[in-house]
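Everything on this sheet refers to the single structure shown next.
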Amino acid sequence: MRNTQLVLFTLASGRSGTSYLADFFAKNITQCYSTHEPYFTFGNPTLFGKPIAWNTLHDDRALLPVLERKCRFIASRREPFYFESNHAFLKAFNRHAGALLDNPGFIHLVRNPLLVAKSELVREQIIRKVHLPFADYTSDTGERLFRWALTGQEALFQHYPPTLNRPVSRFQFYVLQWLEIEHRAMQLIRDNHWQDRVFFIDVDVALKQEAVLKNMVDFFGLPHMPVFNLDLRRNKTPFIGPTIITEQDKLEFQAVVRNLPGSYKKLLQDKPYRDCSWFAEGHF
């Protein structure tokens with residue numbers, strides 16, 4: 001499928017195996033520039049913070065120069081393959097990927113939405129507890145926003161206005177974020193007719209299977225080491241054990257699902273979601 005530099009991005013929420021996949025690429029894929037979240041790479045924007053807000057507001061005068069700078073950085077690489085496992089991609093780049101990316105491919109990572117939402121919540125709580133610098137930024141409209149999340153002003157969130165008695169919890173915020181990210185992923189694929197450019201992974205059961213990773217490598221025609229190194233990084237939240245889903249979490253999740261707009265409900269009932277390992281749990 002490659003006739004020019006192949007540019008690979010992940011379609012994923014945070015806490016969905018992006019750092020694990022980045023380490024796989026770094027240790028196993030040759031002739032490839034690979035990065036996770038390029039915080040310290042001059043000229044390659046991370047896309048967190050204001051670009052997310054600009055994308056939500058359709059402020060393309062501010063956003064497009066940042067996306068174009070990223071594209072120039074990608075084009076400047078001499079390697080025939082570029083890989084970035086950055087969950088900011090669908091938060092900031094989804095509307096313009098079709099116009100700006102030449103010869104893209106995508107790895108669609110989908111993890112159980114309850115586990116994603118709870119893990120995102122716990123990660124934010126830890127960040128708040130240790131007072132991590134620059135965790136928040138000020139949007140152009142004066143709001144203080146969490147750097148790695150959507151703004152809460154996206155259209156889906158408007159179906160869940162907070163009320164005096166039942167405000168949307170932060171866990172529910174992350175459930176809605178997962179839903180919005182997956183909606184954007186499928187819209188991006190459909191609108192650009194990129195179905196044959198996407199490799200799907202059910203994170204909960206398949207991400208760490210060598211056979212699945214080998215199929216992914218073959219799908220994109222990636223040059224690789226003769227034997228895979230699978231001693232890979234797992235991005236665990238410090239001081240926290242396994243992610244625990246409580247009965248309250250399940251109730252809050254179901255409250256979100258009950259009020260989903262029709263297009264989002266249909267999304268979850270179609271492939272690839274209905275074939276995921278967690279779908280049979282019946283939360284939908």
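Going through the structure tokens in order, the chains are called A, B, and so on, while each chain numbers its residues from 1 and the ligands are numbered from 1 in the order shown.
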| request: Find the spatial neighbours of Thr138 (chain A), counting only C-alpha atoms, within a cut-off of 12 Å - ignore same-chain residues fewer than 6 positions away - and output them as a list in words. | output: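 Near neighbours after the sequence-gap exclusion: Gly49, Lys50, Pro51, Ile52, Ala53, Trp54, Arg144, Leu145, Phe146, Arg147 and Thr151 of chain A.
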I need the chosen residues saved as an mmCIF file, in the first residue's frame, with N, CA, C and O atoms.
```cif
data_model
loop_
_atom_site.group_PDB
_atom_site.id
_atom_site.type_symbol
_atom_site.label_atom_id
_atom_site.label_comp_id
_atom_site.auth_asym_id
_atom_site.auth_seq_id
_atom_site.Cartn_x
_atom_site.Cartn_y
_atom_site.Cartn_z
ATOM 1 N N GLY A 49 -3.336 20.387 24.675
ATOM 2 C CA GLY A 49 -3.596 21.751 25.110
ATOM 3 C C GLY A 49 -4.392 22.536 24.089
ATOM 4 O O GLY A 49 -5.430 22.085 23.593
ATOM 5 N N LYS A 50 -3.907 23.699 23.739
ATOM 6 C CA LYS A 50 -4.685 24.615 22.894
ATOM 7 C C LYS A 50 -5.101 24.043 21.539
ATOM 8 O O LYS A 50 -6.214 24.336 21.079
ATOM 9 N N PRO A 51 -4.292 23.231 20.858
ATOM 10 C CA PRO A 51 -4.774 22.668 19.594
ATOM 11 C C PRO A 51 -6.059 21.854 19.751
ATOM 12 O O PRO A 51 -6.890 21.839 18.839
ATOM 13 N N ILE A 52 -6.252 21.221 20.894
ATOM 14 C CA ILE A 52 -7.497 20.496 21.127
ATOM 15 C C ILE A 52 -8.664 21.475 21.191
ATOM 16 O O ILE A 52 -9.716 21.263 20.583
ATOM 17 N N ALA A 53 -8.477 22.553 21.927
ATOM 18 C CA ALA A 53 -9.536 23.562 22.043
ATOM 19 C C ALA A 53 -9.795 24.236 20.705
ATOM 20 O O ALA A 53 -10.952 24.490 20.338
ATOM 21 N N TRP A 54 -8.740 24.548 19.957
ATOM 22 C CA TRP A 54 -8.934 25.166 18.645
ATOM 23 C C TRP A 54 -9.715 24.243 17.712
ATOM 24 O O TRP A 54 -10.560 24.698 16.940
ATOM 25 N N ARG A 144 -9.948 27.362 32.265
ATOM 26 C CA ARG A 144 -8.855 26.496 32.677
ATOM 27 C C ARG A 144 -9.230 25.061 32.326
ATOM 28 O O ARG A 144 -10.251 24.541 32.769
ATOM 29 N N LEU A 145 -8.401 24.416 31.500
ATOM 30 C CA LEU A 145 -8.719 23.098 30.970
ATOM 31 C C LEU A 145 -7.565 22.136 31.206
ATOM 32 O O LEU A 145 -6.392 22.535 31.217
ATOM 33 N N PHE A 146 -7.897 20.862 31.363
ATOM 34 C CA PHE A 146 -6.906 19.812 31.574
ATOM 35 C C PHE A 146 -6.219 19.516 30.243
ATOM 36 O O PHE A 146 -6.872 19.246 29.234
ATOM 37 N N ARG A 147 -4.900 19.552 30.230
ATOM 38 C CA ARG A 147 -4.121 19.569 28.990
ATOM 39 C C ARG A 147 -4.361 18.365 28.086
ATOM 40 O O ARG A 147 -4.316 18.486 26.855
ATOM 41 N N THR A 151 -12.330 19.301 25.721
ATOM 42 C CA THR A 151 -12.690 20.504 26.477
ATOM 43 C C THR A 151 -13.997 20.368 27.242
ATOM 44 O O THR A 151 -14.255 21.141 28.172
#
```
List every residue of region 66-105 of chain A that has an atom at most 8 Å from any atom of region 28-47 of chain A, and for each one report the closest atom pair and its distance in Å to one decimal, counting only C-alpha atoms, with rows sorted by chain and then by increasing residue number, as CSV.
```
residue,atom,partner,partner_atom,distance
A:Val66,CA,A:Pro45,CA,6.8
A:Leu67,CA,A:Pro45,CA,7.8
A:Arg69,CA,A:Gly43,CA,6.7
A:Lys70,CA,A:Asn44,CA,5.0
A:Phe73,CA,A:Asn44,CA,5.9
A:Ile74,CA,A:Asn44,CA,7.9
A:Arg77,CA,A:Tyr33,CA,7.4
A:Glu79,CA,A:Cys32,CA,5.4
A:Pro80,CA,A:Gln31,CA,6.3
A:Phe81,CA,A:Cys32,CA,4.5
A:Tyr82,CA,A:Tyr33,CA,4.8
A:Phe83,CA,A:Ser34,CA,4.6
A:Glu84,CA,A:Thr35,CA,4.9
A:Ser85,CA,A:His36,CA,4.7
A:Asn86,CA,A:Glu37,CA,5.2
A:Ala88,CA,A:Leu47,CA,5.8
A:Phe89,CA,A:Leu47,CA,7.2
A:Ala92,CA,A:Leu47,CA,6.3
```
Output N, CA, C and O atoms for every residue in that selection, as a CSV table (one decimal), in the first residue's frame.
```csv
chain,number,residue,atom,x,y,z
A,66,VAL,N,-0.2,24.9,13.2
A,66,VAL,CA,0.3,23.9,14.0
A,66,VAL,C,0.3,22.6,13.3
A,66,VAL,O,1.4,21.8,13.3
A,67,LEU,N,-0.8,22.2,12.7
A,67,LEU,CA,-0.8,20.9,12.0
A,67,LEU,C,0.1,20.9,10.8
A,67,LEU,O,0.7,19.9,10.5
A,69,ARG,N,2.9,22.6,10.6
A,69,ARG,CA,4.2,22.4,11.1
A,69,ARG,C,4.6,21.0,11.4
A,69,ARG,O,5.6,20.5,11.1
A,70,LYS,N,3.6,20.2,12.0
A,70,LYS,CA,3.8,18.8,12.2
A,70,LYS,C,4.0,18.1,10.9
A,70,LYS,O,4.9,17.2,10.8
A,73,PHE,N,7.5,18.6,9.7
A,73,PHE,CA,8.4,17.8,10.4
A,73,PHE,C,8.4,16.3,9.9
A,73,PHE,O,9.4,15.7,9.7
A,74,ILE,N,7.2,15.8,9.7
A,74,ILE,CA,7.1,14.4,9.2
A,74,ILE,C,7.8,14.3,7.8
A,74,ILE,O,8.5,13.3,7.6
A,77,ARG,N,11.6,13.9,7.6
A,77,ARG,CA,12.3,12.7,8.1
A,77,ARG,C,12.8,11.9,6.8
A,77,ARG,O,12.0,11.8,5.9
A,79,GLU,N,13.5,8.7,7.0
A,79,GLU,CA,13.1,7.3,7.1
A,79,GLU,C,11.8,7.1,6.2
A,79,GLU,O,11.0,7.9,6.1
A,80,PRO,N,11.7,5.9,5.6
A,80,PRO,CA,10.5,5.6,4.8
A,80,PRO,C,9.2,5.4,5.6
A,80,PRO,O,8.1,5.4,5.0
A,81,PHE,N,9.3,5.3,6.9
A,81,PHE,CA,8.1,5.1,7.7
A,81,PHE,C,8.2,6.1,8.9
A,81,PHE,O,9.2,6.3,9.5
A,82,TYR,N,7.0,6.7,9.2
A,82,TYR,CA,6.8,7.5,10.4
A,82,TYR,C,5.7,7.0,11.2
A,82,TYR,O,4.6,6.7,10.7
A,83,PHE,N,5.9,6.8,12.5
A,83,PHE,CA,4.9,6.3,13.4
A,83,PHE,C,4.8,7.2,14.6
A,83,PHE,O,5.8,7.5,15.3
A,84,GLU,N,3.5,7.5,15.0
A,84,GLU,CA,3.3,8.3,16.2
A,84,GLU,C,2.1,7.8,16.9
A,84,GLU,O,1.0,7.8,16.4
A,85,SER,N,2.3,7.3,18.1
A,85,SER,CA,1.2,6.7,18.9
A,85,SER,C,0.6,7.7,19.9
A,85,SER,O,0.7,7.5,21.1
A,86,ASN,N,0.1,8.8,19.4
A,86,ASN,CA,-0.3,10.0,20.2
A,86,ASN,C,-1.8,10.1,20.3
A,86,ASN,O,-2.4,10.3,19.2
A,88,ALA,N,-3.5,12.4,21.1
A,88,ALA,CA,-4.0,13.7,20.8
A,88,ALA,C,-4.4,13.8,19.3
A,88,ALA,O,-5.1,14.8,18.9
A,89,PHE,N,-4.1,12.8,18.5
A,89,PHE,CA,-4.3,12.9,17.1
A,89,PHE,C,-5.8,13.1,16.8
A,89,PHE,O,-6.2,14.0,16.1
A,92,ALA,N,-7.2,16.6,18.0
A,92,ALA,CA,-6.8,17.8,17.4
A,92,ALA,C,-6.7,17.8,15.9
A,92,ALA,O,-6.8,18.8,15.2
```
| query | Using the chain letters and numbers from this document, which residues of region 24-235 of chain A does DSSP assign to alpha helix (DSSP H), as a PyMOL selection string? | reply | chain A and resi 24-28+50-56+60-76+89-92+97-100+113-129+170-191+203-206+210-220
| field | Distance of CA of Val203 (chain A) from CA of Asp275 (chain A), expressed in Å to one decimal place | value |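 Computed distance, CA of Asp275 (chain A) to CA of Val203 (chain A), equals 12.3 Å.
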| Using only C-alpha atoms: which of A:Val198, A:Leu100, A:Ala149, A:Ala255 has the shortest distance to Thr10 (chain A) |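 Selected residue with least distance to Thr10 (chain A): A:Val198.
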| task | For region 252-254 of chain A, list every protein, DNA or RNA residue within 10 Å, evaluated using only C-alpha atoms, and leave out those in the same chain fewer than 4 positions away; present the list as a PyMOL selection string. | result | chain A and resi 113-114+117+168-169+171-176+246-248+258-260+283-284
| request: Excluding Phe157 (chain A) and residues on its chain fewer than 2 positions from it, collect all residues at most 9 Å away from it, counting only C-alpha atoms, and give them as number ranges by chain. | output: A: 152-155, 159-161, 173, 176-177, 180
Same residues, C-alpha atoms, saved as a PDB file, in the first residue's frame:
```
ATOM      1  CA  GLY A 152     -16.204  19.365  27.389  1.00  0.00           C
ATOM      2  CA  GLN A 153     -17.566  21.838  24.839  1.00  0.00           C
ATOM      3  CA  GLU A 154     -17.746  19.231  22.067  1.00  0.00           C
ATOM      4  CA  ALA A 155     -21.234  18.586  20.668  1.00  0.00           C
ATOM      5  CA  HIS A 159     -26.507  16.303  25.399  1.00  0.00           C
ATOM      6  CA  TYR A 160     -25.523  15.998  29.071  1.00  0.00           C
ATOM      7  CA  PRO A 161     -25.917  19.460  30.575  1.00  0.00           C
ATOM      8  CA  PHE A 173     -16.766  12.965  31.342  1.00  0.00           C
ATOM      9  CA  LEU A 176     -18.159  10.688  26.917  1.00  0.00           C
ATOM     10  CA  GLN A 177     -14.621  11.439  25.777  1.00  0.00           C
ATOM     11  CA  GLU A 180     -16.430  11.040  21.066  1.00  0.00           C
TER      12      GLU A 180
END
```
| field | Selected residue of minimal separation from His108 (chain A) among A:Trp148, A:Trp278, A:Phe199, A:Phe220, counting only C-alpha atoms | value |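 Counting only C-alpha atoms, the residue closest to His108 (chain A) is A:Phe199.
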| task | Quick one: everything within 10 Å of Glu210 (chain A), counting only C-alpha atoms, minus sequence neighbours fewer than 4 positions away in the same chain. Send it as a ChimeraX atom specification. | result | /A:206,214-216,228-230
| said: Just want the 12 Å neighbourhood of Gln195 (chain A), counted on only C-alpha atoms, with same-chain residues fewer than 3 positions away dropped. Output as an MDAnalysis selection string. | reply: chainID A and resid 104:108 185:192 198:200 272
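Those residues in region 161-227 of chain A carrying a DSSP assignment of strand (DSSP E or B), computed from the backbone, are Val198, Phe199, Phe200, Ile201, Asp202 and His224 of chain A.
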